[in-house]
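Chemist: Let me give you the structure first, and then I'll get to my questions.
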Amino acid sequence: MKIAYLFILITPFFSCSAFENENNEITYRWDSNELVIENGTSETFYYAAFEQDILAVIDWAPVSTEENKLLPNTVRRLKAKDIYEYEAGDTIVLFYWSGTEPPHEVFENVKIET
């Protein structure tokens, strides 16, 4: 009976989030023809990903919508075909930011080799 009570008490601590990100940060990787973005923070972020060379010819600005919302402790997977102008082997630029309106408290970009 004591084991049952112990199980009931500790279960909520193991089910709080979908994954554990030890560094409490945004992480990303290219995996099986997908861009995987993990938000290991307690903040909501937004993201956009483009093929690197197309950025020189498009007029892009960060837009925060439900479609590109990255909630705390969640993972998003973007298929290669959903990244604007991406072709196999291209470099991807991932932008992520906090807040729905500028000025954004956090605004970062990273290059990802595929």
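Following the order of the structure tokens, chains are lettered A, B, ..., residues in each are numbered from 1, and ligands are numbered from 1.
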Using only C-alpha atoms, find each residue of segment 14-77 of chain A with at least one atom at most 6 Å away from an atom of segment 89-110 of chain A; report its shortest atom-to-atom pair and that distance in Å (one decimal), sort the rows by chain and rising residue number, and return the result as a Markdown table.
Modeler:
```
| residue | atom | partner | partner_atom | distance |
| --- | --- | --- | --- | --- |
| A:Phe45 | CA | A:Ser98 | CA | 4.7 |
| A:Tyr46 | CA | A:Trp97 | CA | 5.4 |
| A:Tyr47 | CA | A:Tyr96 | CA | 4.2 |
| A:Ala48 | CA | A:Phe95 | CA | 5.2 |
| A:Ala49 | CA | A:Leu94 | CA | 4.4 |
| A:Phe50 | CA | A:Val93 | CA | 5.4 |
| A:Glu51 | CA | A:Ile92 | CA | 4.6 |
| A:Gln52 | CA | A:Ile92 | CA | 5.3 |
| A:Ser64 | CA | A:Thr100 | CA | 5.1 |
```
Chemist: Find the residues around segment 70-74 of chain A up to 6 Å (only C-alpha atoms counted), leave out those fewer than 6 positions away in its own chain, and share them as number ranges by chain.
Modeler: A: 17, 38-46
Chemist: Determine which residues of chain A DSSP labels as alpha helix (DSSP H) from the backbone of this structure, then write them out as a ChimeraX atom specification.
Modeler: /A:2-14
Chemist: Could you write out the selected residues, including N, CA and C atoms, as a PDB file, in the first residue's frame?
Modeler:
```
ATOM      1  N   LYS A   2       1.981   1.231   0.738  1.00  0.00           N
ATOM      2  CA  LYS A   2       2.875   2.381   0.784  1.00  0.00           C
ATOM      3  C   LYS A   2       3.450   2.669  -0.604  1.00  0.00           C
ATOM      4  N   ILE A   3       3.716   1.631  -1.369  1.00  0.00           N
ATOM      5  CA  ILE A   3       4.260   1.811  -2.716  1.00  0.00           C
ATOM      6  C   ILE A   3       3.237   2.516  -3.602  1.00  0.00           C
ATOM      7  N   ALA A   4       1.981   2.187  -3.463  1.00  0.00           N
ATOM      8  CA  ALA A   4       0.932   2.837  -4.249  1.00  0.00           C
ATOM      9  C   ALA A   4       0.866   4.332  -3.938  1.00  0.00           C
ATOM     10  N   TYR A   5       0.943   4.692  -2.669  1.00  0.00           N
ATOM     11  CA  TYR A   5       0.930   6.110  -2.289  1.00  0.00           C
ATOM     12  C   TYR A   5       2.151   6.840  -2.846  1.00  0.00           C
ATOM     13  N   LEU A   6       3.297   6.212  -2.786  1.00  0.00           N
ATOM     14  CA  LEU A   6       4.520   6.810  -3.316  1.00  0.00           C
ATOM     15  C   LEU A   6       4.376   7.036  -4.818  1.00  0.00           C
ATOM     16  N   PHE A   7       3.848   6.065  -5.538  1.00  0.00           N
ATOM     17  CA  PHE A   7       3.640   6.190  -6.975  1.00  0.00           C
ATOM     18  C   PHE A   7       2.707   7.364  -7.283  1.00  0.00           C
ATOM     19  N   ILE A   8       1.634   7.493  -6.533  1.00  0.00           N
ATOM     20  CA  ILE A   8       0.675   8.580  -6.738  1.00  0.00           C
ATOM     21  C   ILE A   8       1.320   9.939  -6.473  1.00  0.00           C
ATOM     22  N   LEU A   9       2.186  10.013  -5.503  1.00  0.00           N
ATOM     23  CA  LEU A   9       2.836  11.285  -5.160  1.00  0.00           C
ATOM     24  C   LEU A   9       3.883  11.708  -6.173  1.00  0.00           C
ATOM     25  N   ILE A  10       4.646  10.782  -6.748  1.00  0.00           N
ATOM     26  CA  ILE A  10       5.742  11.181  -7.632  1.00  0.00           C
ATOM     27  C   ILE A  10       5.367  11.206  -9.104  1.00  0.00           C
ATOM     28  N   THR A  11       4.268  10.587  -9.517  1.00  0.00           N
ATOM     29  CA  THR A  11       3.879  10.561 -10.928  1.00  0.00           C
ATOM     30  C   THR A  11       3.753  11.950 -11.547  1.00  0.00           C
ATOM     31  N   PRO A  12       3.118  12.934 -10.900  1.00  0.00           N
ATOM     32  CA  PRO A  12       3.011  14.252 -11.535  1.00  0.00           C
ATOM     33  C   PRO A  12       4.360  14.895 -11.853  1.00  0.00           C
ATOM     34  N   PHE A  13       5.386  14.595 -11.112  1.00  0.00           N
ATOM     35  CA  PHE A  13       6.696  15.197 -11.357  1.00  0.00           C
ATOM     36  C   PHE A  13       7.346  14.666 -12.629  1.00  0.00           C
ATOM     37  N   PHE A  14       6.983  13.475 -13.048  1.00  0.00           N
ATOM     38  CA  PHE A  14       7.559  12.890 -14.256  1.00  0.00           C
ATOM     39  C   PHE A  14       6.755  13.209 -15.502  1.00  0.00           C
TER      40      PHE A  14
END
```
Chemist: Using the chain letters and numbers from this document, which residues of chain A does DSSP assign to strand (DSSP E), as a ChimeraX atom specification?
Modeler: /A:26-31,34-39,45-51,69-70,74-79,91-98,107-113
Chemist: Could you take the residues named above and write them with C-alpha atoms, as a tab-separated table (two decimals), in the first residue's frame?
Modeler:
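In the end it all went to selection06.tsv:
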```
chain	number	residue	atom	x	y	z
A	26	ILE	CA	15.96	26.57	-27.85
A	27	THR	CA	17.69	23.68	-29.61
A	28	TYR	CA	17.53	22.62	-33.25
A	29	ARG	CA	18.85	19.87	-35.50
A	30	TRP	CA	18.47	18.48	-38.98
A	31	ASP	CA	17.11	14.95	-38.69
A	34	GLU	CA	13.25	17.52	-41.18
A	35	LEU	CA	14.19	20.53	-39.10
A	36	VAL	CA	13.49	19.71	-35.45
A	37	ILE	CA	13.08	22.69	-33.10
A	38	GLU	CA	12.78	22.15	-29.35
A	39	ASN	CA	11.71	24.87	-26.96
A	45	PHE	CA	8.68	31.67	-29.05
A	46	TYR	CA	7.87	32.05	-32.75
A	47	TYR	CA	10.00	30.84	-35.64
A	48	ALA	CA	10.61	31.01	-39.38
A	49	ALA	CA	13.00	28.97	-41.54
A	50	PHE	CA	14.29	29.76	-45.03
A	51	GLU	CA	16.88	28.50	-47.46
A	69	LYS	CA	4.07	29.43	-32.29
A	70	LEU	CA	6.47	27.31	-30.23
A	74	THR	CA	7.39	21.54	-27.01
A	75	VAL	CA	8.94	20.14	-30.17
A	76	ARG	CA	8.10	21.15	-33.77
A	77	ARG	CA	9.16	19.23	-36.86
A	78	LEU	CA	9.34	21.05	-40.22
A	79	LYS	CA	9.55	18.85	-43.29
A	91	THR	CA	21.88	25.77	-45.71
A	92	ILE	CA	18.82	26.75	-43.69
A	93	VAL	CA	18.53	29.90	-41.62
A	94	LEU	CA	16.26	29.52	-38.61
A	95	PHE	CA	14.93	32.69	-36.98
A	96	TYR	CA	13.24	32.63	-33.60
A	97	TRP	CA	11.88	35.41	-31.44
A	98	SER	CA	9.77	36.14	-28.39
A	107	PHE	CA	15.48	37.77	-31.74
A	108	GLU	CA	18.03	35.21	-32.88
A	109	ASN	CA	19.04	33.42	-36.06
A	110	VAL	CA	21.17	30.36	-36.69
A	111	LYS	CA	22.51	28.63	-39.78
A	112	ILE	CA	21.89	24.91	-40.09
A	113	GLU	CA	23.84	22.80	-42.55
```
Chemist: Compare A:Thr114, A:Pro62, A:Asn23, A:Ile54 by their minimum atom-to-atom distance to Glu85 of chain A, counting only C-alpha atoms, and give me the closest one.
Modeler: A:Ile54
Chemist: Separation of atom CA of Tyr86 of chain A and atom CA of Leu55 of chain A, in Å?
Modeler: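 It comes out at 11.5 Å.
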